Amino acid sequence: ALTALVLTVDDITPYTSRIASLNEVSERFQLFAERFEDSLWLADPRVPQLIFATEQAARLRGRPLERMMEEFSEWTAAVHEEDRERVRQALSAAAIDGDYNIEYRVVRGDGSIVWLHDRAIAVRDAHGRLRYLAGMTAGVTVRRDAQEMKRSTLAILTTVVEQAPAIVWMKDGQGRYLYANREFAKVTGYSAEQLRGRTDFEVFPRTVAERTHEHDARTLAANAAQQFEETLQLAGGAHHFVTLKYPARDPAAPPGALCGIAMDVTERRRGEDA
């Protein structure tokens with residue numbers, strides 16, 4: 001027969017409070033992850049294995065998240081074939097040193113190609129051994145397209161300027177050449193590299209340099225485009241130029257920078273004088 005009953009009562013309030021707090025943190029993280037445009041993930045590059053990833057991973061890669069969680073090959077299969085080996089090498093290196101930062105292309109299921117940027121930090125155990133990578137993937141197609149457009153536009157403009165039958169240059173606020181095109185180099189006898197950093201007083205006779213310096217000052221004072229007629233003594237005699245000078249208003253240009261374009265009108269002047 002039961003002769004005694006011992007009951008113990010423990011106050012579990014601290015534990016329930018802790019659980020409630022953890023649940024609240026989990027809910028906040030879930031809310032953050034759902035609204036964050038980038039994908040958050042955990043991966044073990046040694047296996048390799050995808051441990052965790054938010055739904056944005058599926059949107060960015062254009063592949064079902066369940067398949068990528070089951071087979072890591074699905075995570076990497078979307079990588080563009082021209083970038084696949086580079087990504088594989090980066091993951092292999094991350095398994096050793098824990099450093100992972102790479103941009104690459106993926107081919108989505110619909111055939112569209114997008115650029116992604118992976119960044120991750122190493123999470124290690126108490127002995128310093130790598131446990132997994134905690135990473136984030138961002139879509140960077142817009143930025144990469146803008147960079148490519150900028151490079152393409154710059155290449156076109158460079159071709160136009162370098163092939164132009166006119167002298168084109170740019171000076172800084174102290175009158176030192178920052179840029180001179182091929183035609184200018186041909187006229188002065190200096191290469192574009194030799195012209196860079198020189199002033200008119202180091203390139204032309206003093207009388208010519210003083211005149212061009214005066215025209216530069218007038219243009220900067222007017223803060224608007226100005227047209228001048230200038231004459232240079234070159235091989236074969238005097239050459240006459242119609243020169244347009246204007247302040248460089250680009251934010252990337254140094255303060256007081258000046259641009260110029262000059263057309264050789266010597267033949268036209270000779271025809272007019274004939």
# chains A, B, ... in the order shown; residues from 1 in each chain; ligands from 1
>>> select_by_dssp(residues="stretch 56-262 of chain A", states="alpha helix (DSSP H)", output="CSV table (one decimal) with N, CA and C atoms, in the first residue's frame")
chain,number,residue,atom,x,y,z
A,56,GLN,N,14.6,33.4,-50.4
A,56,GLN,CA,15.1,34.3,-51.4
A,56,GLN,C,16.1,33.5,-52.3
A,57,ALA,N,16.7,32.5,-51.7
A,57,ALA,CA,17.7,31.7,-52.5
A,57,ALA,C,17.1,31.1,-53.7
A,58,ALA,N,15.8,30.6,-53.6
A,58,ALA,CA,15.1,30.1,-54.7
A,58,ALA,C,14.8,31.1,-55.7
A,59,ARG,N,14.4,32.3,-55.3
A,59,ARG,CA,14.1,33.4,-56.2
A,59,ARG,C,15.4,33.9,-57.0
A,60,LEU,N,16.5,34.0,-56.3
A,60,LEU,CA,17.7,34.5,-56.9
A,60,LEU,C,18.3,33.5,-57.9
A,61,ARG,N,18.2,32.2,-57.6
A,61,ARG,CA,18.8,31.2,-58.4
A,61,ARG,C,17.8,30.6,-59.4
A,65,LEU,N,13.9,25.6,-53.6
A,65,LEU,CA,14.8,25.5,-52.4
A,65,LEU,C,14.9,24.1,-51.9
A,66,GLU,N,13.8,23.3,-51.9
A,66,GLU,CA,13.9,22.0,-51.4
A,66,GLU,C,15.0,21.1,-52.1
A,67,ARG,N,15.0,21.3,-53.4
A,67,ARG,CA,16.0,20.5,-54.2
A,67,ARG,C,17.5,20.9,-53.8
A,68,MET,N,17.7,22.2,-53.6
A,68,MET,CA,19.0,22.7,-53.3
A,68,MET,C,19.4,22.3,-51.9
A,69,MET,N,18.4,22.1,-50.9
A,69,MET,CA,18.7,21.7,-49.6
A,69,MET,C,19.0,20.2,-49.6
A,70,GLU,N,18.4,19.4,-50.5
A,70,GLU,CA,18.6,18.0,-50.6
A,70,GLU,C,20.0,17.7,-51.3
A,72,PHE,N,23.4,19.5,-52.8
A,72,PHE,CA,24.2,20.8,-53.0
A,72,PHE,C,24.5,21.0,-54.4
A,73,SER,N,24.6,20.0,-55.2
A,73,SER,CA,24.9,20.1,-56.6
A,73,SER,C,23.8,21.0,-57.3
A,74,GLU,N,22.6,21.0,-56.8
A,74,GLU,CA,21.6,21.9,-57.3
A,74,GLU,C,21.9,23.4,-57.0
A,75,TRP,N,22.6,23.6,-55.9
A,75,TRP,CA,23.0,25.0,-55.6
A,75,TRP,C,24.0,25.5,-56.6
A,76,THR,N,24.9,24.6,-57.0
A,76,THR,CA,26.0,25.0,-57.9
A,76,THR,C,25.7,24.8,-59.3
A,77,ALA,N,24.7,23.9,-59.6
A,77,ALA,CA,24.4,23.6,-61.0
A,77,ALA,C,23.9,24.9,-61.8
A,81,GLU,N,28.3,28.1,-66.8
A,81,GLU,CA,29.4,27.2,-67.0
A,81,GLU,C,30.8,27.9,-67.1
A,82,GLU,N,30.8,29.2,-67.5
A,82,GLU,CA,32.1,29.9,-67.6
A,82,GLU,C,32.6,30.3,-66.2
A,83,ASP,N,31.7,30.3,-65.2
A,83,ASP,CA,32.1,30.8,-63.8
A,83,ASP,C,32.1,29.6,-62.9
A,84,ARG,N,31.7,28.4,-63.3
A,84,ARG,CA,31.5,27.3,-62.4
A,84,ARG,C,32.8,26.8,-61.8
A,85,GLU,N,33.9,26.7,-62.5
A,85,GLU,CA,35.2,26.3,-61.9
A,85,GLU,C,35.7,27.3,-60.9
A,86,ARG,N,35.5,28.6,-61.2
A,86,ARG,CA,36.0,29.6,-60.3
A,86,ARG,C,35.2,29.6,-59.0
A,87,VAL,N,33.9,29.3,-59.1
A,87,VAL,CA,33.1,29.2,-57.8
A,87,VAL,C,33.5,27.9,-57.1
A,88,ARG,N,33.8,26.8,-57.8
A,88,ARG,CA,34.2,25.6,-57.2
A,88,ARG,C,35.5,25.8,-56.4
A,89,GLN,N,36.4,26.5,-57.0
A,89,GLN,CA,37.7,26.7,-56.4
A,89,GLN,C,37.6,27.6,-55.2
A,90,ALA,N,36.7,28.6,-55.3
A,90,ALA,CA,36.4,29.5,-54.1
A,90,ALA,C,35.8,28.7,-52.9
A,91,LEU,N,34.9,27.8,-53.2
A,91,LEU,CA,34.3,27.0,-52.1
A,91,LEU,C,35.4,26.0,-51.5
A,92,SER,N,36.2,25.5,-52.4
A,92,SER,CA,37.3,24.6,-51.9
A,92,SER,C,38.2,25.4,-51.0
A,93,ALA,N,38.6,26.6,-51.4
A,93,ALA,CA,39.5,27.4,-50.5
A,93,ALA,C,38.8,27.8,-49.2
A,94,ALA,N,37.4,28.0,-49.3
A,94,ALA,CA,36.7,28.4,-48.1
A,94,ALA,C,36.7,27.3,-47.1
A,95,ALA,N,36.7,26.0,-47.6
A,95,ALA,CA,36.7,24.9,-46.7
A,95,ALA,C,38.0,24.9,-45.8
A,96,ILE,N,39.0,25.5,-46.3
A,96,ILE,CA,40.3,25.6,-45.6
A,96,ILE,C,40.5,26.8,-44.8
A,97,ASP,N,40.3,28.0,-45.4
A,97,ASP,CA,40.6,29.2,-44.7
A,97,ASP,C,39.3,30.0,-44.3
A,141,THR,N,22.9,42.2,-60.6
A,141,THR,CA,22.8,42.3,-62.0
A,141,THR,C,22.7,43.8,-62.5
A,142,VAL,N,21.9,44.6,-61.8
A,142,VAL,CA,21.7,46.0,-62.1
A,142,VAL,C,23.1,46.7,-62.1
A,143,ARG,N,23.8,46.5,-61.0
A,143,ARG,CA,25.1,47.1,-60.8
A,143,ARG,C,26.1,46.7,-61.9
A,144,ARG,N,26.1,45.4,-62.2
A,144,ARG,CA,27.1,44.8,-63.2
A,144,ARG,C,26.7,45.3,-64.5
A,145,ASP,N,25.4,45.4,-64.8
A,145,ASP,CA,25.0,45.9,-66.2
A,145,ASP,C,25.4,47.4,-66.3
A,146,ALA,N,25.2,48.2,-65.2
A,146,ALA,CA,25.6,49.6,-65.2
A,146,ALA,C,27.1,49.7,-65.4
A,147,GLN,N,27.9,48.9,-64.8
A,147,GLN,CA,29.3,48.9,-64.9
A,147,GLN,C,29.7,48.6,-66.4
A,148,GLU,N,29.1,47.6,-66.9
A,148,GLU,CA,29.4,47.2,-68.3
A,148,GLU,C,29.0,48.3,-69.3
A,149,MET,N,27.8,48.9,-69.0
A,149,MET,CA,27.4,50.0,-69.9
A,149,MET,C,28.4,51.2,-69.8
A,150,LYS,N,28.9,51.4,-68.6
A,150,LYS,CA,29.9,52.5,-68.4
A,150,LYS,C,31.2,52.2,-69.2
A,151,ARG,N,31.6,50.9,-69.1
A,151,ARG,CA,32.8,50.5,-69.8
A,151,ARG,C,32.7,50.6,-71.3
A,152,SER,N,31.5,50.2,-71.7
A,152,SER,CA,31.2,50.2,-73.2
A,152,SER,C,31.2,51.6,-73.7
A,153,THR,N,30.5,52.5,-72.9
A,153,THR,CA,30.4,53.9,-73.3
A,153,THR,C,31.7,54.6,-73.3
A,154,LEU,N,32.5,54.3,-72.3
A,154,LEU,CA,33.9,54.9,-72.2
A,154,LEU,C,34.7,54.4,-73.4
A,155,ALA,N,34.6,53.1,-73.8
A,155,ALA,CA,35.4,52.6,-74.9
A,155,ALA,C,35.0,53.3,-76.2
A,156,ILE,N,33.7,53.6,-76.3
A,156,ILE,CA,33.2,54.3,-77.6
A,156,ILE,C,33.7,55.7,-77.6
A,157,LEU,N,33.6,56.4,-76.4
A,157,LEU,CA,34.0,57.8,-76.4
A,157,LEU,C,35.5,57.9,-76.6
A,158,THR,N,36.3,56.9,-76.0
A,158,THR,CA,37.7,57.0,-76.2
A,158,THR,C,38.1,56.8,-77.7
A,159,THR,N,37.4,55.9,-78.4
A,159,THR,CA,37.6,55.7,-79.8
A,159,THR,C,37.3,57.0,-80.6
A,160,VAL,N,36.1,57.6,-80.3
A,160,VAL,CA,35.7,58.9,-80.9
A,160,VAL,C,36.8,59.9,-80.8
A,161,VAL,N,37.2,60.1,-79.5
A,161,VAL,CA,38.2,61.2,-79.2
A,161,VAL,C,39.5,60.9,-79.8
A,162,GLU,N,40.0,59.7,-79.7
A,162,GLU,CA,41.3,59.3,-80.2
A,162,GLU,C,41.4,59.4,-81.7
A,163,GLN,N,40.3,59.1,-82.4
A,163,GLN,CA,40.3,59.1,-83.8
A,163,GLN,C,39.9,60.4,-84.4
A,182,ARG,N,45.4,61.6,-79.3
A,182,ARG,CA,46.5,61.3,-80.2
A,182,ARG,C,46.9,62.4,-81.1
A,183,GLU,N,45.9,63.2,-81.6
A,183,GLU,CA,46.1,64.3,-82.5
A,183,GLU,C,47.0,65.4,-81.8
A,184,PHE,N,46.7,65.6,-80.6
A,184,PHE,CA,47.4,66.6,-79.8
A,184,PHE,C,48.9,66.2,-79.7
A,185,ALA,N,49.1,64.9,-79.4
A,185,ALA,CA,50.4,64.3,-79.3
A,185,ALA,C,51.2,64.5,-80.6
A,186,LYS,N,50.5,64.3,-81.7
A,186,LYS,CA,51.1,64.4,-83.0
A,186,LYS,C,51.5,65.9,-83.3
A,187,VAL,N,50.7,66.8,-82.9
A,187,VAL,CA,51.0,68.2,-83.2
A,187,VAL,C,52.1,68.7,-82.3
A,188,THR,N,52.2,68.3,-81.0
A,188,THR,CA,53.2,68.9,-80.1
A,188,THR,C,54.5,68.1,-80.2
A,192,ALA,N,51.2,61.2,-75.3
A,192,ALA,CA,50.1,61.5,-74.3
A,192,ALA,C,50.7,61.4,-72.9
A,193,GLU,N,51.5,60.4,-72.7
A,193,GLU,CA,52.1,60.2,-71.4
A,193,GLU,C,53.1,61.3,-71.0
A,194,GLN,N,53.8,61.8,-72.0
A,194,GLN,CA,54.8,62.9,-71.7
A,194,GLN,C,54.0,64.2,-71.5
A,195,LEU,N,52.9,64.4,-72.1
A,195,LEU,CA,52.1,65.6,-71.9
A,195,LEU,C,51.5,65.7,-70.5
A,206,ARG,N,57.0,80.6,-75.1
A,206,ARG,CA,56.4,81.3,-74.0
A,206,ARG,C,55.3,82.2,-74.5
A,207,THR,N,55.4,82.9,-75.6
A,207,THR,CA,54.4,83.8,-76.1
A,207,THR,C,53.1,83.0,-76.4
A,208,VAL,N,53.2,81.8,-76.9
A,208,VAL,CA,52.0,81.0,-77.2
A,208,VAL,C,51.4,80.5,-75.9
A,209,ALA,N,52.3,80.1,-74.9
A,209,ALA,CA,51.8,79.6,-73.6
A,209,ALA,C,51.1,80.7,-72.9
A,210,GLU,N,51.6,82.0,-72.9
A,210,GLU,CA,50.9,83.1,-72.2
A,210,GLU,C,49.5,83.4,-72.8
A,211,ARG,N,49.4,83.3,-74.1
A,211,ARG,CA,48.2,83.5,-74.8
A,211,ARG,C,47.1,82.4,-74.4
A,212,THR,N,47.6,81.1,-74.5
A,212,THR,CA,46.6,80.1,-74.1
A,212,THR,C,46.2,80.1,-72.7
A,213,HIS,N,47.2,80.5,-71.8
A,213,HIS,CA,46.9,80.7,-70.4
A,213,HIS,C,45.9,81.8,-70.2
A,214,GLU,N,46.0,82.9,-70.9
A,214,GLU,CA,45.0,83.9,-70.8
A,214,GLU,C,43.6,83.5,-71.2
A,215,HIS,N,43.6,82.7,-72.3
A,215,HIS,CA,42.3,82.2,-72.8
A,215,HIS,C,41.7,81.2,-71.8
A,216,ASP,N,42.5,80.4,-71.2
A,216,ASP,CA,42.1,79.5,-70.1
A,216,ASP,C,41.4,80.3,-69.0
A,217,ALA,N,42.1,81.3,-68.5
A,217,ALA,CA,41.6,82.2,-67.4
A,217,ALA,C,40.3,82.8,-67.7
A,218,ARG,N,40.2,83.3,-69.0
A,218,ARG,CA,38.9,84.0,-69.4
A,218,ARG,C,37.8,83.0,-69.4
A,219,THR,N,38.1,81.8,-69.8
A,219,THR,CA,37.0,80.7,-69.8
A,219,THR,C,36.6,80.4,-68.4
A,220,LEU,N,37.5,80.2,-67.5
A,220,LEU,CA,37.2,79.8,-66.2
A,220,LEU,C,36.4,81.0,-65.5
A,221,ALA,N,36.8,82.2,-65.8
A,221,ALA,CA,36.2,83.4,-65.2
A,221,ALA,C,34.7,83.5,-65.7
A,222,ALA,N,34.5,83.2,-66.9
A,222,ALA,CA,33.2,83.2,-67.5
A,222,ALA,C,32.3,82.1,-67.1
>>> residues_around(residues="A:Arg131", least_positions_apart="6", cutoff="12 Å", atoms="only C-alpha atoms", output="mmCIF file with N, CA, C and O atoms, in the first residue's frame")
data_model
loop_
_atom_site.group_PDB
_atom_site.id
_atom_site.type_symbol
_atom_site.label_atom_id
_atom_site.label_comp_id
_atom_site.auth_asym_id
_atom_site.auth_seq_id
_atom_site.Cartn_x
_atom_site.Cartn_y
_atom_site.Cartn_z
ATOM 1 N N LEU A 42 23.432 29.051 -44.567
ATOM 2 C CA LEU A 42 24.513 28.377 -43.859
ATOM 3 C C LEU A 42 24.926 27.187 -44.703
ATOM 4 O O LEU A 42 24.060 26.433 -45.184
ATOM 5 N N ALA A 43 26.219 27.005 -44.878
ATOM 6 C CA ALA A 43 26.691 25.888 -45.702
ATOM 7 C C ALA A 43 28.004 25.345 -45.152
ATOM 8 O O ALA A 43 28.813 26.095 -44.596
ATOM 9 N N ASP A 44 28.168 24.051 -45.292
ATOM 10 C CA ASP A 44 29.421 23.389 -44.936
ATOM 11 C C ASP A 44 30.155 23.091 -46.238
ATOM 12 O O ASP A 44 29.777 22.169 -46.967
ATOM 13 N N PRO A 45 31.205 23.856 -46.573
ATOM 14 C CA PRO A 45 31.896 23.656 -47.854
ATOM 15 C C PRO A 45 32.730 22.388 -47.896
ATOM 16 O O PRO A 45 33.194 21.977 -48.951
ATOM 17 N N ARG A 46 32.914 21.714 -46.738
ATOM 18 C CA ARG A 46 33.745 20.515 -46.710
ATOM 19 C C ARG A 46 32.994 19.312 -47.268
ATOM 20 O O ARG A 46 33.608 18.407 -47.841
ATOM 21 N N VAL A 47 31.675 19.287 -47.114
ATOM 22 C CA VAL A 47 30.916 18.098 -47.514
ATOM 23 C C VAL A 47 30.751 18.001 -49.033
ATOM 24 O O VAL A 47 31.095 16.948 -49.596
ATOM 25 N N PRO A 48 30.266 18.980 -49.755
ATOM 26 C CA PRO A 48 29.612 20.209 -49.300
ATOM 27 C C PRO A 48 28.124 19.981 -49.057
ATOM 28 O O PRO A 48 27.532 19.058 -49.609
ATOM 29 N N GLN A 49 27.522 20.897 -48.241
ATOM 30 C CA GLN A 49 26.123 20.731 -47.887
ATOM 31 C C GLN A 49 25.527 22.086 -47.535
ATOM 32 O O GLN A 49 26.156 22.894 -46.853
ATOM 33 N N ILE A 51 23.051 23.855 -45.296
ATOM 34 C CA ILE A 51 22.415 23.560 -44.018
ATOM 35 C C ILE A 51 21.109 24.327 -43.857
ATOM 36 O O ILE A 51 20.112 23.798 -43.353
ATOM 37 N N ALA A 94 37.441 28.043 -49.293
ATOM 38 C CA ALA A 94 36.690 28.423 -48.096
ATOM 39 C C ALA A 94 36.668 27.287 -47.077
ATOM 40 O O ALA A 94 36.611 27.527 -45.864
ATOM 41 N N ALA A 95 36.705 26.045 -47.561
ATOM 42 C CA ALA A 95 36.728 24.899 -46.655
ATOM 43 C C ALA A 95 38.005 24.866 -45.827
ATOM 44 O O ALA A 95 38.044 24.258 -44.753
ATOM 45 N N ILE A 96 39.044 25.545 -46.316
ATOM 46 C CA ILE A 96 40.329 25.561 -45.615
ATOM 47 C C ILE A 96 40.495 26.822 -44.779
ATOM 48 O O ILE A 96 40.784 26.755 -43.582
ATOM 49 N N ASP A 97 40.293 27.985 -45.410
ATOM 50 C CA ASP A 97 40.558 29.235 -44.695
ATOM 51 C C ASP A 97 39.299 29.979 -44.257
ATOM 52 O O ASP A 97 39.378 30.984 -43.542
ATOM 53 N N GLY A 98 38.114 29.524 -44.693
ATOM 54 C CA GLY A 98 36.870 30.144 -44.247
ATOM 55 C C GLY A 98 36.555 31.467 -44.903
ATOM 56 O O GLY A 98 35.590 32.131 -44.520
ATOM 57 N N ILE A 121 31.169 34.443 -43.793
ATOM 58 C CA ILE A 121 32.173 34.419 -42.728
ATOM 59 C C ILE A 121 32.213 33.010 -42.148
ATOM 60 O O ILE A 121 31.233 32.265 -42.210
ATOM 61 N N ALA A 122 33.343 32.642 -41.593
ATOM 62 C CA ALA A 122 33.511 31.312 -41.030
ATOM 63 C C ALA A 122 32.983 31.272 -39.603
ATOM 64 O O ALA A 122 33.242 32.172 -38.802
ATOM 65 N N VAL A 123 32.216 30.235 -39.271
ATOM 66 C CA VAL A 123 31.777 29.970 -37.904
ATOM 67 C C VAL A 123 32.582 28.762 -37.419
ATOM 68 O O VAL A 123 32.533 27.687 -38.029
ATOM 69 N N ARG A 124 33.330 28.947 -36.347
ATOM 70 C CA ARG A 124 34.250 27.910 -35.880
ATOM 71 C C ARG A 124 33.865 27.410 -34.493
ATOM 72 O O ARG A 124 33.176 28.097 -33.739
ATOM 73 N N ASP A 125 34.350 26.205 -34.140
ATOM 74 C CA ASP A 125 34.086 25.658 -32.805
ATOM 75 C C ASP A 125 35.119 26.191 -31.816
ATOM 76 O O ASP A 125 35.959 27.039 -32.167
#
>>> atom_distance(atom1="atom CA of A:Asp200", atom2="atom CA of A:Arg176")
7.7 Å
>>> closest_residue(among="A:Gly139, A:Pro165, A:Gly237, A:Gly197", to="A:Ile113", atoms="only C-alpha atoms")
A:Gly139
>>> select_by_dssp(residues="stretch 149-217 of chain A", states="strand (DSSP E)", output="ChimeraX atom specification")
/A:167-171,177-180
>>> closest_atom_pairs(of="stretch 138-169 of chain A", to="stretch 257-273 of chain A", cutoff="9 Å", atoms="only C-alpha atoms", output="JSON lines")
{"residue": "A:Pro165", "atom": "CA", "partner": "A:Met263", "partner_atom": "CA", "distance": 7.5}
{"residue": "A:Ala166", "atom": "CA", "partner": "A:Met263", "partner_atom": "CA", "distance": 5.0}
{"residue": "A:Ile167", "atom": "CA", "partner": "A:Ala262", "partner_atom": "CA", "distance": 5.0}
{"residue": "A:Val168", "atom": "CA", "partner": "A:Ile261", "partner_atom": "CA", "distance": 4.6}
{"residue": "A:Trp169", "atom": "CA", "partner": "A:Gly260", "partner_atom": "CA", "distance": 5.4}
>>> residues_around(residues="A:Ala248", least_positions_apart="3", cutoff="10 Å", atoms="only C-alpha atoms", output="ChimeraX atom specification")
/A:170-172,220,223-225,245,251-260
>>> atom_distance(atom1="atom CA of A:Tyr132", atom2="atom CA of A:Phe52")
10.6 Å
